[in-house]
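Asks: Right, I'll just put the structure down here and ask away after.
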Amino acid sequence: MLALFLLTGFVIMGLIWLHHHSVKRVPLGVTAALYPLMGSALSLYALATRQTFRQTVPWIPALDVNFSFRLDSLSLIFFALISFIGVLVVIYSVFYLSKHENLPKFYSYLLLFMTAMYGVVLSTNSIVLYVFWELTSISSFLLISFWYKKKAARSGALKSFLITVFGGMMMLMGFIALYIITGTNDIMQIAARLDGQGKSSLYYFAMGAILLGALTKSAQFPFHIWLPDAMEAPTPVSAYLHSATMVKAGIYLLLRLFPIFSGEPVFQWILIIDGLLTMLVGSLFAVRQSDLKGLLAYSTISQLGMIVSMIGLSAFDGSREALRPFIVITLTGALLHIINHALFKAALFMGAGIVDHITHTRDLSKLGGLRQLLPVTFTVMTIGALSMAGLPFLNGFLTKEMFLTALVDFEGRYAVWLTSAGVIASIGTFVYSLIAIVRTFFGERSVEVDHEESRGILISPVILAALVILFFFVPNVLLYALIAPALGVVLMFDPAAYIKPVHAWHGFNVTLLLTVIIVGSGGLIVASGVYRRLFPKYKEMPLNILYHKSMKGLDAVSQKVIRRIMTDRLNHYLMFLFAFILLTSLPLSLAVMYDVYPAFELSEMDYYTTLLAGFIVAASYAMMKVQSRMTATLLTGAIGYGTSMIYILMFAPDLALTQFVIETITTVLFLSCFYHLPNLERENKSRLNRVVSMTIAGGMTLLVLSMMVISQSAELYSSISEYYEKAYDLTGGKNIVNAILGDFRAFDTLLEGVVLMITGLGIYALITRKGGAEHERK
């Protein structure tokens with residue numbers, strides 16, 4: 001069922017184009033909304049039945065690579081967000097995008113992105129997860145560059161693609177390392193097989209590589225620079241990408257692999273430090289943004305850092321009984337904030353899109369005084385921003401309190417420093433949340449509004465704002481329906497005894513004092529306007545400068561290299577190609593050959609085999625010395641005939657006969673063609689050129705030799721010859737070679753014959769061309 005659901009996404013992509021060409025009156029969004037609506041229905045069914053859906057479709061069983069999908073309590077949280085927010089984004093898109101846009105392409109890209117995200121959260125096979133992971137990078141590239149005529153859109157798409165694909169490649173290496181350790185690609189089995197094993201260096205390499213993949217995808221420092229540039233995408237895409245999809249993929253990966261890496265101090269401290277650092281950096285740069293969507297983009301970075309740090313704070317060894325209450329409460333806060341953040345951030349981006357749609361600007365220095373002209377948008381964005389700031393009666397307040405509580409209750413020598421960093425970052429969160437509202441809707445209005453808010457475009461943000469308020473009052477509905485079952489999947493122990501209801505009021509304690517400090521300090525900073533001096537304004541982030549300089553440097557190096565290697569000489573191209581193959585393959589091939597060489601058996605050479613081998617070597621050497629093309633062609637044929645004679649000595653007369661025929665035909669054809677060409681010119685190579693050529697030739701000889709030894713010695717699979725030995729029973733053919741050519745691979749043989757015929761006709765045309773041209777001149 002799950003595989004069919006994923007395939008449905010591609011089917012609906014085709015239906016969109018059919019809809020576009022056949023049905024004009026109904027908006028394309030109606031067809032596009034079918035897929036997330038199906039996902040929403042499946043989410044509700046899984047939630048109501050409490051079932052875990054599993055499906056496995058074999059792909060490459062020998063390497064344990066299968067299409068294995070699982071919809072359990074953890075993936076259900078993300079699956080439901082992708083579906084529900086997806087429906088609202090499609091509805092919003094119908095009213096936001098102009099009819100003059102390329103709507104079929106937009107909705108196709110959006111559905112491709114949606115399908116890829118579904119694949120990420122459903123896949124339990126690490127290699128298949130990687131395939132969908134990279135598909136999210138490709139589809140997000142297409143969406144961010146949707147308005148490709150804008151340079152900012154193209155550069156933003158390229159930056160996000162390069163950074164996230166780099167992380168994905170590192171993640172793949174980590175998955176391969178885990179496969180080497182455990183012998184399986186099934187994520188659910190990896191943790192079980194690692195239990196009790198000593199942690200090797202390969203395990204820590206896998207941890208580091210997978211962390212790179214997760215942190216780049218979720219825009220954590222220092223890889224966060226791609227996310228602000230992704231705001232060049234249409235606002236519906238920004239709302240979807242920043243709230244429920246791509247940036248949450250890295251968070252999902254950390255949670256899915258939590259049983260594998262939790263309890264490791266390295267894993268824990270990387271997440272804690274990088275999460276808090278990202279939260280601080282996001283707050284710092286969000287405060288001084290002049291672009292409304294840019295401010296929201298940096299706020300997403302900050303909020304993701306908060307979630308990552310909470311996952312890190314909870315990544316203790318669950319076998320320690322005393323730590324289990326802290327682990328459960330902190331991880332509950334992280335899971336709940338994933339939902340809360342998706343709701344208020346989608347509402348904020350949609351509100352920012354409405355402001356841009358109506359005023360045609362996102363520049364905060366030009367905006368202001370819009371609260372009376374856009375009352376509903378003002379209300380929606382205020383609710384979203386105050387929830388992000390962590391004020392009471394909104395869902396963000398609950399998880400902000402849980403975050404501060406986790407910092408206060410964390411035990412360790414660095415607890416004070418971590419709490420201080422969290423409080424400072426939270427003050428920055430409060431400041432940029434208020435700035436987004438104050439600078440957009442208060443003060444004097446300096447821009448003209450050409451039309452009012454349409455009812456249709458307000459549907460989605462109003463629903464989201466209502467849920468932001470609702471879930472403050474009924475958070476335990478989410479806790480017991482979604483969060484508690486997911487904790488049972490993530491943790492290696494039963495969390496039921498440690499789950500406590502979520503309350504807004506916990507009495508007068510340190511957490512409340514920190515909240516008062518955050519609100520008081522943040523309000524004072526915004527009211528006084530001191531943030532303009534307190535927080536420096538950068539024309540461009542230092543890491544962005546480093547990125548652009550690196551890209552320019554790589555472009556310059558690539559141009560110099562291309563000018564060097566593009567010499568219009570085929571032999572030079574072959575030298576570069578073979579040199580690259582040797583550098584990447586020869587050391588490994590020789591190392592493997594050294595291990596398997598004892599199992600290699602060298603056949604004895606008789607008198608006739610030795611004589612033929614000497615003949616072939618002599619003909620090969622002579623071919624390199626002659627200058628006549630005709631002589632070189634004849635020597636090439638002689639080498640082929642010598643090889644055919646070896647087949648006879650190996651008791652394969654039918655194969656030798658085939659080789660004789662082919663050598664005769666090709667030799668005659670080449671002689672006919674080369675007859676009209678001048679003789680070969682002796683090349684005047686320098687001594688260095690000759691040394692390099694001989695080194696490459698010798699290296700390729702060693703590579704081929706080592707591969708032959710490996711193939712003869714390492715029998716990983718049973719020989720396929722056992723199947724062909726039954727040729728008579730299967731096809732009625734007494735000659736195995738004939739049966740292979742005529743029955744087992746008859747269609748391939750037919751196509752080979754067609755290729756030979758086309759080649760012969762082409763050569764005939766080349767041979768007769770000269771005579772035809774002379775006849776035309778006469």
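Identifiers for the structure tokens are assigned positionally: chains receive A, B, ... in sequence, residues are indexed from 1 per chain, and ligands are indexed from 1 in the order shown.
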Go through stretch 202-241 of chain A and collect every residue that DSSP, computed from the backbone, puts in helix (DSSP H, G or I); the answer should be as number ranges by chain.
Replies: A: 202-217, 226-232, 235-241
Asks: Please, could you write that set of residues out with C-alpha atoms as a short mmCIF file (atom, residue, chain, number, x, y, z; two decimals), in the first residue's frame?
Replies:
```
data_model
loop_
_atom_site.label_atom_id
_atom_site.label_comp_id
_atom_site.auth_asym_id
_atom_site.auth_seq_id
_atom_site.Cartn_x
_atom_site.Cartn_y
_atom_site.Cartn_z
CA LEU A 202 34.13 3.03 11.42
CA TYR A 203 31.13 3.54 13.71
CA TYR A 204 32.28 7.04 14.61
CA PHE A 205 32.99 7.78 10.97
CA ALA A 206 29.41 6.75 10.17
CA MET A 207 28.14 8.99 12.97
CA GLY A 208 30.07 12.00 11.70
CA ALA A 209 29.08 11.46 8.06
CA ILE A 210 25.38 11.02 8.89
CA LEU A 211 25.44 14.07 11.15
CA LEU A 212 26.79 16.10 8.24
CA GLY A 213 23.86 14.96 6.13
CA ALA A 214 21.31 15.80 8.80
CA LEU A 215 22.82 19.17 9.78
CA THR A 216 23.18 20.39 6.19
CA LYS A 217 19.58 19.48 5.40
CA TRP A 226 21.57 28.07 1.92
CA LEU A 227 18.24 28.56 3.66
CA PRO A 228 17.93 32.39 3.48
CA ASP A 229 18.67 32.30 -0.25
CA ALA A 230 15.94 29.68 -0.69
CA MET A 231 13.38 32.41 0.05
CA GLU A 232 13.67 33.38 -3.63
CA THR A 235 5.98 32.09 -1.13
CA PRO A 236 3.89 28.86 -1.12
CA VAL A 237 7.14 26.94 -1.57
CA SER A 238 8.84 28.93 1.20
CA ALA A 239 5.95 28.25 3.55
CA TYR A 240 6.13 24.53 2.79
CA LEU A 241 9.91 24.19 2.78
#
```
Asks: Report as a list of chain:residue names all protein, DNA and RNA residues lying within 9 Å of stretch 734-744 of chain A, evaluated on only C-alpha atoms, omitting residues in the same chain fewer than 5 positions from it.
Replies: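 The contact residues come out as A:Asp654, A:Leu655, A:Tyr724, A:Glu725, A:Lys726, A:Ala727, A:Tyr728, A:Thr749, A:Leu750.
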Asks: List the spatial neighbours of A:Leu391 as a PyMOL selection string - criterion: any atom at most 12 Å away, only C-alpha atoms, same-chain residues fewer than 2 positions off excluded.
Replies: chain A and resi 382-389+393-401+426+429-430+433-434+468-469+472+504+512+515-516+518-520+522-523
Asks: Have a look at atom CA of A:Phe132 and atom CA of A:Ala116 and let me know their distance in Å, one decimal.
Replies: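 So the two atoms, atom CA of A:Phe132 and atom CA of A:Ala116, lie 5.1 Å apart.
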Asks: Can you list, as a PDB file with C-alpha atoms, in the first residue's frame, every protein, DNA or RNA residue that comes within 8 Å of stretch 573-577 of chain A when you count only C-alpha atoms, leaving out same-chain residues fewer than 5 positions away?
Replies:
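Writing done, so here's part.pdb:
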```pdb
ATOM      1  CA  ILE A 565      43.497  19.240 -20.861  1.00  0.00           C
ATOM      2  CA  MET A 566      41.393  20.276 -23.875  1.00  0.00           C
ATOM      3  CA  SER A 693      52.972   7.352 -21.387  1.00  0.00           C
ATOM      4  CA  ILE A 696      50.326   4.926 -17.581  1.00  0.00           C
TER       5      ILE A 696
END
```
Asks: Mind pulling up the distance from atom CA of A:Phe141 to atom CA of A:His337?
Replies: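 Computing it gives 26.9 Å between the two atoms.
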Asks: Could you list, with a cut-off of 10 Å and counting only C-alpha atoms, the residues of stretch 403-497 of chain A near stretch 247-261 of chain A, each shown with its nearest atom pair and the distance in Å rounded to one decimal, rows sorted by chain and ascending number, as a Markdown table?
Replies:
```
| residue | atom | partner | partner_atom | distance |
| --- | --- | --- | --- | --- |
| A:Ala486 | CA | A:Leu255 | CA | 9.6 |
| A:Leu487 | CA | A:Leu255 | CA | 9.6 |
| A:Val489 | CA | A:Arg256 | CA | 8.4 |
| A:Val490 | CA | A:Phe258 | CA | 6.2 |
| A:Leu491 | CA | A:Pro259 | CA | 6.2 |
| A:Met492 | CA | A:Pro259 | CA | 6.2 |
| A:Phe493 | CA | A:Pro259 | CA | 9.9 |
```
Asks: If you count only C-alpha atoms, which residues fall within 7 Å of stretch 175-177 of chain A, apart from same-chain ones fewer than 3 positions away, as a short mmCIF file (atom, residue, chain, number, x, y, z; two decimals) with N, CA and C atoms, in the first residue's frame?
Replies:
```
data_model
loop_
_atom_site.label_atom_id
_atom_site.label_comp_id
_atom_site.auth_asym_id
_atom_site.auth_seq_id
_atom_site.Cartn_x
_atom_site.Cartn_y
_atom_site.Cartn_z
N SER A 126 18.20 2.24 4.33
CA SER A 126 19.03 3.44 4.30
C SER A 126 19.35 3.89 2.88
N MET A 171 26.26 11.51 3.97
CA MET A 171 25.32 10.62 4.65
C MET A 171 25.34 9.22 4.03
N LEU A 172 25.42 9.15 2.71
CA LEU A 172 25.49 7.86 2.03
C LEU A 172 26.72 7.08 2.47
N ILE A 180 28.61 -2.01 6.45
CA ILE A 180 29.82 -2.82 6.62
C ILE A 180 29.89 -3.38 8.05
N ILE A 181 29.48 -2.56 9.03
CA ILE A 181 29.55 -2.99 10.43
C ILE A 181 28.49 -4.04 10.74
N LEU A 202 35.08 2.95 12.53
CA LEU A 202 34.13 3.03 11.42
C LEU A 202 32.76 3.48 11.91
N ALA A 206 30.81 6.76 10.61
CA ALA A 206 29.41 6.75 10.17
C ALA A 206 28.62 7.82 10.90
#
```
Asks: Closest to A:Thr379 among A:Ile437, A:Cys673, A:Met310, A:Ala322, using only C-alpha atoms?
Replies: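 The closest residue to A:Thr379 is A:Ile437.
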Asks: Fewer than 3 positions away in the same chain doesn't count, so skip those; otherwise give me all residues within 9 Å of A:Met188, counting only C-alpha atoms, as a PyMOL selection string.
Replies: chain A and resi 124-125+185+191-192+256-257
Asks: What gap, in Å, lies between atom CA of A:Leu570 and atom CA of A:Ser706?
Replies: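 Atom CA of A:Ser706 lies 26.6 Å from atom CA of A:Leu570.
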Asks: Between A:Ala652, A:Ala233, A:Leu122, A:Leu18, which is the closest to A:Ser73 once you count only C-alpha atoms?
Replies: A:Leu122
Asks: I want to know what sits within 7 Å of A:Leu671, based on only C-alpha atoms, with residues of the same chain fewer than 3 positions away left out; could you give that as a list in words?
Replies: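 The neighbour list is Met630, Thr633, Thr667, Val668, Phe674 and Tyr675 of chain A.
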